[in-house]
Structure formats: structure tokens, C-alpha cells
Amino acid sequence: MATTSGISVSARPKYESVIGLEVHVQLLTATKIFCSCSTHFGDPPNTNVCPVCLGLPGALPVLNRKAVEFAVLAAMSLNCRINETSIFARKNYFYPDLPKGYQVSQYDKPLSEHGFIEIKTAGGAKKIGITRLHLEEDAGKSLHEGFADSSETTGIDLNRSGMPLIEIVSEPDIASPEEAYEYLTRLKEIILYTGVSDCNMEEGSLRCDANISVRPRGQKELGTKTEVKNVNSFRFIREALEYEIERHIGIIDSGGKITQETRLYNSSEGKTYGMRSKEQAHDYRYFPEPDLLPLVVDAKWQKEIRDALPELPEARRKRIVAAYGITEQDAQVLTLTKALADQFEAAAKAARSPKRVANLVQSELMGRLKAKGLDIEQSPISMNGVAASADLVESGAISGKMLKDLYDLAFERGKDFAVIYEEEGRPEQSRDTSALEKIIDEIIAANPKQVDQYRAGKRTVVGFFVGQVMKASKGQANPQLVNELLARKLG
Amino acid sequence: MKVTEKDVAYVADLGNLELTAEERIRMVRDLNSILGHIDSLNELDTTNVQPMAQISDRHGVDQSKQGSERFAYASREDIREGLRKSLPHDVALENAPDSDGTFFKVPRVIER
């Protein structure tokens, strides 16, 4: 049903949206959850399969302990309470890429519950509840297109069948597409920090389904929801939700009714479409999996796992701000990934001025990486290189301008800072004061008003002189030396 | 009768099964007979008995061990070496009703 945005725009303030997200994350184990087949991505179809994940009769699952540890670690990082005993259950449905006819999942006794993620919103920090986080296996992959006979047949690849997943279900606490985007960004960041998944959306290691409903502002009960499935980027989820909200409001405001259904998002058109499905209530007939024992993660095991929980992004940002005297914004950039944060901290600890290291990363390194399309991990200049260069500037051995030139060379030649510094013959900025003194004398002569201010006690005006000298020397002067000379000549 | 023909048609549909009229009648009869048997079990008073879905939960585990360790035998390490190998590709596809030598092939799936 098409919506006329004119109606919904004017109607919009009368309504509010309620969003809940279901996120599936594939765990980085070497083998599948219930069999020892490889989880390697991109292997030829149907080569990582065995009687268990093919669903052959009589094959029995054996639980991968690492999958449990990773799931518990993720749950802990999301502030969930771990249930000491949880139960695997069969979720029954018919689909060709589900050879057993059921998915082993968890139902009424999930591994963990009652977590939350804190997100930033325009109105300040907000907690989004996590209803549950449970373990399950993935299904195979259906290929509906790309074969000569695709009009008649579908290809099935069962390499993915039995991959270990966690499903993370949020409370319907999310009020806008923007909050959904923020929630997903935080969630991914946290999961990446724990190292239990690579969260690679292109490879399907992170997938998201969104439930959305709209109700008149102030109404208690929820409106009828629709589900948007299989959207492959956070940006598209935000777009799909924006589209759905408009669509819902358009229908409700003109007196219509929302049909509860699953919809797919077409990113090139920016629209969602109802799946042409036989409308059928989902009836999964869950029952406890008789082939698997209850999963018991006792206090001792929980402690072992908790001990492996790394410092999480939010905590790390706070600590880095306090420990290195850098701004929140600096900390944000430096903690984008755990690898970057680790490297930064190692370098900063070794450097004279951690603040300068942070500044260099942001002002000199990030821009150059971006221009070259490189990730921080691919940077020719290592964090140790940044630290070394920061020390050279700090001691006055090289100028800011020289540092920029050396960075440019490092990126040109694809070599680390230390190597370039050697190759360039350990350049040093001039400590010859005669040229500099001449510049300073000229500037003092040209600005009698500022000189008077300085001498009258307005010491801050020295910044003006430093600026003038740096400008006249085209950034080549040693700032420390300039300060010394100015203090002497003005004083 | 507890199970009606309508119930049978519903469950068959969930499992994508096509039943003939004859089979449906037989299913109604069989399912009711099974439920009748369960009814006789229901005569027992189970008020103070915990539901049990898994017998090995209480039996067949080492009672001297505690917590997770009791069940440790039922899980395995995440290692590739020394465990059962995946099936060779041709063997995996061997029993498929239809395949192109790479994929299992099924009649075109209509989203449902």
C-alpha cells in the first residue's frame, strides 16, 4: 500500500513508534555447534557437512564447549544474567534449507536474560533492555537465483547448517530508527571487543530483524507490528524503519488497519514489500531437545569466563580519558576497535606525552588512512611510530611541518616512521637562533601595541607572537625555541 | 475424540505433508489412540514430580561430580583435528533426490 508522505508528515507528531530488534551473531568457533565440521566461510558448497548437520537419521549432536563460552561472554558483556541451567529446544518448521525439519534453539529456559545496552540519544543516555540472549544453530543457505534452471529449482548449500549463533532480543524500548541505529552500533562494538564474532555483515555473521509498530501518542497498548527481515546494513535498517513508520502512520491515519506480516526491504527503491507468504500463524511447536542434556554453566565456569571478559568500550573510554588526559572525542576515535585501543595504549604508555600521541593519531594519521582507504590495522605508520614521532616533536628535535613531511613520505613508501626517519638521515630542525632572532625582532618592531600589552602584564598575548613567528617561518621554527627567545626579547 | 480431522490437516500443513483422505482418517484414529494412552498415564498423581524431558539429566551422569562437570562428558573441545571429519562432497550429495553435483536441488521455493 503506497503512502502519501504529505498525510503522514502532518500526522506524524500524533504518533509514536515502538521498535524491538532481534540480532543474530555468528560465533567465531573453529567448528560448528553440534558437530566438528569447519565453520570456515567461503568454502565450496556442501563440503563442510556431515551426518549431524545434514540431518541424517540417527546422527547425534555433541555440544561445542567454546560456543557456550563465547555465548556466555557475550551475555556478560551485555549485562545479562546467566541462567545456570538452560535447555535446548527444537523449533519445528518446514523449509528445504533446514534438513532436520527443526532448528535446535532455546525457548523457555534461555542461556541468559535481563541485560541492557546504554545508548546515547539527543535526550541523553538511555538504557535499551535486552530480553534474552540464547544459543542456537544456523540453517543452511537457499540460492533462489543464479542457476540456468532457477525458475524451477532452488539450490541448497548446507555449509552454514549448524553454525553457532547467538540470538539477542531487545525489549521494545527503542523509540526511533535513529535509536535502533545507535543500539546496533553499540551492540556491534561491544561484541567486537569481546572477540566472540567478527560481526561481518557481508558474510552474514551479523543479521538483524526489526519489529516495528506505531500507536497514537499516549496510548498504552501497542499497535499491530510488522517485521522487517534480512536487511544487510545498519543504515538500511534505519531507512527501512523510517519507511515503515511513514507507511504505518499513513494507513492508521486514514482509518486503515496494519496487517501483521513479514516484509523485505528493497534498498535501491527505499521501500519495504510484504512477502508473498501463505498467511499462517507461526506455530513452531517447541519442545525440549531430547538429544541434548540441559546446559549447565555453574558458578565456577561462569567465573572462568568472566575472568576472560575484556574491558568494554565505554569503560575503556572513561579510563583512557582519565589516564591520558585526552578529550572524550579523542577517546571515541581511539577506541573504535579493540586493536586500535590496544595499540594506542601501548604507544601512549611509551611516549612522553600521551596527549600528543592522541592528537597525532587524529590529526595526522586518520586523515591519511582515510585518503588511502586503509584501516588502522593496515597503517604504514604503527602506533610505536606515532609515539616515536610524538617524542621527536616533544623534544623539539623536529618541527610539526617536518613531521607532516615525514608522514607523507611514510605513506608514499609504505614504511613505518622509524624507517623513514632513518632514510631521511634523522633530520633535525634548526637550532640556529640567528635567523629566528631576526624574524622575532622584525615582528616585535611591527607590533608595538601587542608589545605594550605584554609588558603591561597581559601574558597571553605571547600566543599572538608565536603565531606570527610560525607564520613568518612557514612552520619551520622550533616552537620551544620561539617561546624561549620571545620571553627573553619581550621581557 | 480429541484430535479432529481439522487438527490433522493443520499439522500436516505445518510439515508440508500431503495426506490423502484415507491417510487423514488413519491419522485421526492413530493420534487419538496415542492420546488415549497418555490419558491413562494422567491417572497418576504427579503433583510433586518435576517434569522431566531428559532422562540422562538424572541418570547416566557421574553423581560424584558437581555442576557443569557432571555434564562435561556431553560436550567437546572446539578443535578440528582428531574429531570426525566432514563427509567427502560426493558422499554428502549421494542420497539427494536431486543435485547438480555442487548443490542440493529442490523444487523452487516460494517464500512462505
# chains A, B, ... in the order shown; residues from 1 in each chain; ligands from 1
>>> interface_residues(of="chain A", to="chain B", cutoff="6 Å", atoms="only C-alpha atoms", output="PyMOL selection string")
chain A and resi 31+37+47-50+62-66+94+152-157+277-278+290+296-298
>>> residues_around(residues="Arg24 (chain B)", least_positions_apart="4", cutoff="8 Å", atoms="only C-alpha atoms", output="list in words")
Glu5, Val8, Ala9, Leu19, Thr20 and Val28 of chain B
>>> residues_around(residues="Ile128 (chain A)", least_positions_apart="2", cutoff="10 Å", atoms="only C-alpha atoms", output="list in words")
Gly20, Gly115, Phe116, Ile117, Glu118, Ile119, Ala125, Lys126, Ile130, Thr131, Ser170, Glu171, Pro172, Asp173, Ile174, Ala175, Glu179, Ala180 and Tyr183 of chain A
>>> residues_around(residues="Ser382 (chain A)", least_positions_apart="3", cutoff="8 Å", atoms="only C-alpha atoms", output="short mmCIF file (atom, residue, chain, number, x, y, z; two decimals) with all heavy atoms, in the first residue's frame")
data_model
loop_
_atom_site.label_atom_id
_atom_site.label_comp_id
_atom_site.auth_asym_id
_atom_site.auth_seq_id
_atom_site.Cartn_x
_atom_site.Cartn_y
_atom_site.Cartn_z
N SER A 379 47.84 0.52 8.56
CA SER A 379 48.60 1.76 8.53
C SER A 379 50.09 1.48 8.38
O SER A 379 50.65 0.63 9.07
CB SER A 379 48.37 2.54 9.82
OG SER A 379 49.28 3.63 9.88
N GLY A 385 55.40 4.01 15.89
CA GLY A 385 55.91 5.06 15.02
C GLY A 385 55.35 6.41 15.42
O GLY A 385 56.06 7.42 15.47
N VAL A 386 54.05 6.42 15.71
CA VAL A 386 53.40 7.67 16.13
C VAL A 386 54.04 8.15 17.44
O VAL A 386 54.35 9.33 17.60
CB VAL A 386 51.88 7.47 16.32
CG1 VAL A 386 51.24 8.76 16.83
CG2 VAL A 386 51.22 7.04 15.02
N ASP A 416 57.26 2.36 7.92
CA ASP A 416 56.96 2.91 9.24
C ASP A 416 57.80 4.17 9.49
O ASP A 416 58.80 4.41 8.83
CB ASP A 416 57.24 1.86 10.32
CG ASP A 416 56.43 2.14 11.60
OD1 ASP A 416 55.85 3.24 11.71
OD2 ASP A 416 56.38 1.25 12.46
N PHE A 417 57.37 4.94 10.47
CA PHE A 417 58.01 6.23 10.75
C PHE A 417 59.50 6.09 11.03
O PHE A 417 60.33 6.84 10.50
CB PHE A 417 57.32 6.92 11.93
CG PHE A 417 57.90 8.26 12.24
CD1 PHE A 417 57.51 9.39 11.52
CD2 PHE A 417 58.88 8.39 13.21
CE1 PHE A 417 58.07 10.61 11.78
CE2 PHE A 417 59.46 9.63 13.48
CZ PHE A 417 59.04 10.74 12.76
#
>>> select_by_dssp(residues="region 183-214 of chain A", states="strand (DSSP E)", output="list in words")
Leu206, Arg207, Cys208, Asp209, Ala210, Asn211, Ile212, Ser213 and Val214 of chain A
>>> closest_residue(among="A:Ser389, A:Thr194, A:Ser77, A:Thr259", to="Ser353 (chain A)", atoms="only C-alpha atoms")
A:Ser389
